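To start, the structure under review is shown below, and the notes come after it.
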Number of protein chains: 2
Amino acid sequence: MKNKELYNHFNQYTDIDRTTFLEINSFFEEINVGKKKIIYEPCEKCNHIFFTAKGCLNLYFIDDRGMERTIQFSIENWWIGDFLAFYNQSPTSFYVKSIEASKLLSITYDNYEKLLQKFPKLESYFRQTYQIAYGAFQFRMMHMFKFSKEELYFCFTDHFPQFSERVPQYLIASYLGLTPEYVSEIRAKVRS
Amino acid sequence: MKNKELYNHFNQYTDIDRTTFLEINSFFEEINVGKKKIIYEPCEKCNHIFFTAKGCLNLYFIDDRGMERTIQFSIENWWIGDFLAFYNQSPTSFYVKSIEASKLLSITYDNYEKLLQKFPKLESYFRQTYQIAYGAFQFRMMHMFKFSKEELYFCFTDHFPQFSERVPQYLIASYLGLTPEYVSEIRAKVRS
């Protein structure tokens, strides 16, 4: 079955049979990339979101000093994109780049709207996906306020070993709002 | 019409007729409170989310030093609650408190599930609501990384005058991760 990852993920949250999925699948475009490839970049009208079928990516912007600042990571079964700009069909400042070789399923705004019209069960799927993602951001914000920089780093690596094993340290630093030098320092302190 | 605020909000994102709304309305409980009242507090199973029909509230946690740290504000037509803990029916560390006298429409987890089962159009309403809220958090995270503390304060007060007029400065400071003293200082600098 083609794009079984997405079929399985839909069926964790709603029920979509194989025949219906074949039709749904035609709304998506498969993208296969090697590592460190830019998949999406700032533009006037944010027209795509992506399902990560395989691999690992990050969403980031470039700050005034030219530094890449990671907002989010995405691994298998996560969606990645600028969800507000996509909703409003407005400009985005975000990039999406592969950290590992990745397989993505990309959907355009028009196809997304048609898909939801035609398969209302997917409204429930996306409602749950966004509800979880939104709630996770509230939780992350609490951690950012609650923890010292050092606690933040170890809390992240303890809670999300799947990221800390796959993502280079400088990107974890970028995601936590720390410098790579600071992360090296606290890692060295623990090892000593 | 009772709870017209919610009826109008539903109809910004989907279409619900008046007769259907009467039925939907019975799933909600109306809560009216004066200012500075705790509406929700940490518990073993997060069982409610709230629609703000009138007023202004904040969602916060209490840090190790006993300080209230604001994660979010809510004014008219916004939902407030711990959306991940509500989804998972797990413990929450968050409080919800009224900043002004407020009217809320509260829904329990069981009623929320029944509501979505019975009125699938509301899946679309909540999908859009969460998609926007999630995207807004991505945007907020970019601002937190991008701006200096001073820029963060003025960016917030410029972009959200509806909050800065209604919310005391110490709560804005709490929301931005600044101290009230620092906010007083930068405000004084601008006035001088």
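Chains: A, B, ... in order of the structure tokens. Residues: from 1 per chain. Ligands: from 1, in order shown.
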Stretch 10-22 of chain A surroundings by only C-alpha atoms, 8 Å radius, close-in-sequence under 4 positions cut, as a PyMOL selection string: chain A and resi 6+26+121-122+124-125+128
Hey, could you make a per-residue contact list for chain A against chain B with 6 Å as the cut-off, showing the nearest pair of atoms and its distance in Å to one decimal, counting only C-alpha atoms, sorted by chain and number, as JSON lines?
```
{"residue": "A:Phe83", "atom": "CA", "partner": "B:Gly135", "partner_atom": "CA", "distance": 4.6}
{"residue": "A:Leu84", "atom": "CA", "partner": "B:Gly135", "partner_atom": "CA", "distance": 4.2}
{"residue": "A:Glu123", "atom": "CA", "partner": "B:Ser124", "partner_atom": "CA", "distance": 5.4}
{"residue": "A:Ser124", "atom": "CA", "partner": "B:Glu123", "partner_atom": "CA", "distance": 5.4}
{"residue": "A:Arg127", "atom": "CA", "partner": "B:Arg127", "partner_atom": "CA", "distance": 3.9}
{"residue": "A:Tyr130", "atom": "CA", "partner": "B:Tyr130", "partner_atom": "CA", "distance": 5.5}
{"residue": "A:Gln131", "atom": "CA", "partner": "B:Tyr130", "partner_atom": "CA", "distance": 5.6}
{"residue": "A:Ile132", "atom": "CA", "partner": "B:Leu84", "partner_atom": "CA", "distance": 5.3}
{"residue": "A:Tyr134", "atom": "CA", "partner": "B:Tyr134", "partner_atom": "CA", "distance": 4.5}
{"residue": "A:Gly135", "atom": "CA", "partner": "B:Leu84", "partner_atom": "CA", "distance": 4.2}
```
Got a sec: who's within 7 Å of stretch 40-53 of chain B, counting only C-alpha atoms, leaving out chain neighbours fewer than 2 positions off, as a ChimeraX atom specification? /B:5-6,38,55,74-81,85-86,89-96,103-109
Could you find all residues in stretch 24-184 of chain B that DSSP calls alpha helix (DSSP H) from the backbone, and write them as a ChimeraX atom specification? /B:24-25,83-88,109-118,121-146,149-159,161-164,169-176,180-184
Between atom CA of A:Asn58 and atom CA of A:Tyr170, what distance in Å does the model show, to one decimal?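 Distance between the two atoms: 12.3 Å.
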Hey, can you check how far atom CA of B:Phe163 sits from atom CA of B:Asn8?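 These two atoms are separated by 21.7 Å.
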Do you know which residues are at most 8 Å from A:Val33 counting only C-alpha atoms, after dropping those on the same chain fewer than 4 positions away, and could you put them as a ChimeraX atom specification? /A:37,98,101-103
With all heavy atoms kept, could you save the residues just selected as a PDB file, in the first residue's frame?
```pdb
ATOM      1  N   LYS A  37      18.273  19.338   3.104  1.00  0.00           N
ATOM      2  CA  LYS A  37      17.642  19.976   1.947  1.00  0.00           C
ATOM      3  C   LYS A  37      16.527  20.903   2.404  1.00  0.00           C
ATOM      4  O   LYS A  37      15.710  20.520   3.251  1.00  0.00           O
ATOM      5  CB  LYS A  37      17.041  18.919   1.003  1.00  0.00           C
ATOM      6  CG  LYS A  37      18.037  17.954   0.412  1.00  0.00           C
ATOM      7  CD  LYS A  37      18.971  18.632  -0.579  1.00  0.00           C
ATOM      8  CE  LYS A  37      20.033  17.649  -1.063  1.00  0.00           C
ATOM      9  NZ  LYS A  37      21.248  18.307  -1.555  1.00  0.00           N
ATOM     10  N   SER A  98      15.253  19.315   5.863  1.00  0.00           N
ATOM     11  CA  SER A  98      15.438  17.934   6.334  1.00  0.00           C
ATOM     12  C   SER A  98      16.719  17.830   7.154  1.00  0.00           C
ATOM     13  O   SER A  98      17.748  18.374   6.766  1.00  0.00           O
ATOM     14  CB  SER A  98      15.493  16.975   5.141  1.00  0.00           C
ATOM     15  OG  SER A  98      16.533  17.365   4.266  1.00  0.00           O
ATOM     16  N   ALA A 101      17.590  12.135   5.655  1.00  0.00           N
ATOM     17  CA  ALA A 101      16.858  11.820   4.424  1.00  0.00           C
ATOM     18  C   ALA A 101      15.402  11.563   4.839  1.00  0.00           C
ATOM     19  O   ALA A 101      15.162  10.853   5.820  1.00  0.00           O
ATOM     20  CB  ALA A 101      17.440  10.588   3.778  1.00  0.00           C
ATOM     21  N   SER A 102      14.463  12.170   4.127  1.00  0.00           N
ATOM     22  CA  SER A 102      13.067  12.129   4.581  1.00  0.00           C
ATOM     23  C   SER A 102      12.089  11.885   3.438  1.00  0.00           C
ATOM     24  O   SER A 102      12.366  12.209   2.281  1.00  0.00           O
ATOM     25  CB  SER A 102      12.696  13.458   5.258  1.00  0.00           C
ATOM     26  OG  SER A 102      13.535  13.730   6.351  1.00  0.00           O
ATOM     27  N   LYS A 103      10.949  11.308   3.824  1.00  0.00           N
ATOM     28  CA  LYS A 103       9.820  11.191   2.901  1.00  0.00           C
ATOM     29  C   LYS A 103       8.658  11.991   3.480  1.00  0.00           C
ATOM     30  O   LYS A 103       8.220  11.741   4.600  1.00  0.00           O
ATOM     31  CB  LYS A 103       9.405   9.719   2.769  1.00  0.00           C
ATOM     32  CG  LYS A 103       8.137   9.522   1.946  1.00  0.00           C
ATOM     33  CD  LYS A 103       7.650   8.070   1.983  1.00  0.00           C
ATOM     34  CE  LYS A 103       6.231   7.948   1.436  1.00  0.00           C
ATOM     35  NZ  LYS A 103       5.705   6.569   1.525  1.00  0.00           N
TER      36      LYS A 103
END
```
Among stretch 48-159 of chain A, which ones does DSSP assign to strand (DSSP E or B) (computed from the backbone)? Answer as a ChimeraX atom specification. /A:48-54,57-62,68-74,79-80,92,95-98,102-108
C-alpha atoms of the current selection, written as a PDB file, in the first residue's frame:
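The resulting part.pdb:
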```pdb
ATOM      1  CA  HIS A  48       1.732  23.835   1.796  1.00  0.00           C
ATOM      2  CA  ILE A  49       1.836  21.732   4.928  1.00  0.00           C
ATOM      3  CA  PHE A  50       3.697  18.426   5.203  1.00  0.00           C
ATOM      4  CA  PHE A  51       3.170  15.052   6.830  1.00  0.00           C
ATOM      5  CA  THR A  52       6.429  13.364   7.840  1.00  0.00           C
ATOM      6  CA  ALA A  53       6.177   9.754   6.653  1.00  0.00           C
ATOM      7  CA  LYS A  54       9.859   9.082   7.287  1.00  0.00           C
ATOM      8  CA  LEU A  57      13.030  17.853   9.795  1.00  0.00           C
ATOM      9  CA  ASN A  58      12.968  21.251  11.418  1.00  0.00           C
ATOM     10  CA  LEU A  59      10.924  24.418  10.997  1.00  0.00           C
ATOM     11  CA  TYR A  60      12.999  27.551  11.546  1.00  0.00           C
ATOM     12  CA  PHE A  61      13.421  31.214  10.745  1.00  0.00           C
ATOM     13  CA  ILE A  62      16.587  33.229  10.200  1.00  0.00           C
ATOM     14  CA  GLU A  68      18.794  29.651  12.048  1.00  0.00           C
ATOM     15  CA  ARG A  69      16.355  29.511  15.000  1.00  0.00           C
ATOM     16  CA  THR A  70      14.392  26.273  15.277  1.00  0.00           C
ATOM     17  CA  ILE A  71      10.716  26.544  16.222  1.00  0.00           C
ATOM     18  CA  GLN A  72       9.888  22.841  15.912  1.00  0.00           C
ATOM     19  CA  PHE A  73      11.123  19.431  14.910  1.00  0.00           C
ATOM     20  CA  SER A  74       9.108  16.842  13.065  1.00  0.00           C
ATOM     21  CA  TRP A  79       2.837  17.477  10.567  1.00  0.00           C
ATOM     22  CA  ILE A  80       5.113  20.408   9.836  1.00  0.00           C
ATOM     23  CA  THR A  92       5.334  32.905   5.995  1.00  0.00           C
ATOM     24  CA  TYR A  95      11.776  27.423   6.396  1.00  0.00           C
ATOM     25  CA  VAL A  96      11.420  23.633   6.507  1.00  0.00           C
ATOM     26  CA  LYS A  97      14.649  21.640   6.132  1.00  0.00           C
ATOM     27  CA  SER A  98      15.438  17.934   6.334  1.00  0.00           C
ATOM     28  CA  SER A 102      13.067  12.129   4.581  1.00  0.00           C
ATOM     29  CA  LYS A 103       9.820  11.191   2.901  1.00  0.00           C
ATOM     30  CA  LEU A 104       7.115  13.821   3.140  1.00  0.00           C
ATOM     31  CA  LEU A 105       3.535  13.971   1.956  1.00  0.00           C
ATOM     32  CA  SER A 106       2.769  17.496   0.874  1.00  0.00           C
ATOM     33  CA  ILE A 107      -0.683  19.025   0.484  1.00  0.00           C
ATOM     34  CA  THR A 108      -1.650  22.372  -1.034  1.00  0.00           C
TER      35      THR A 108
END
```
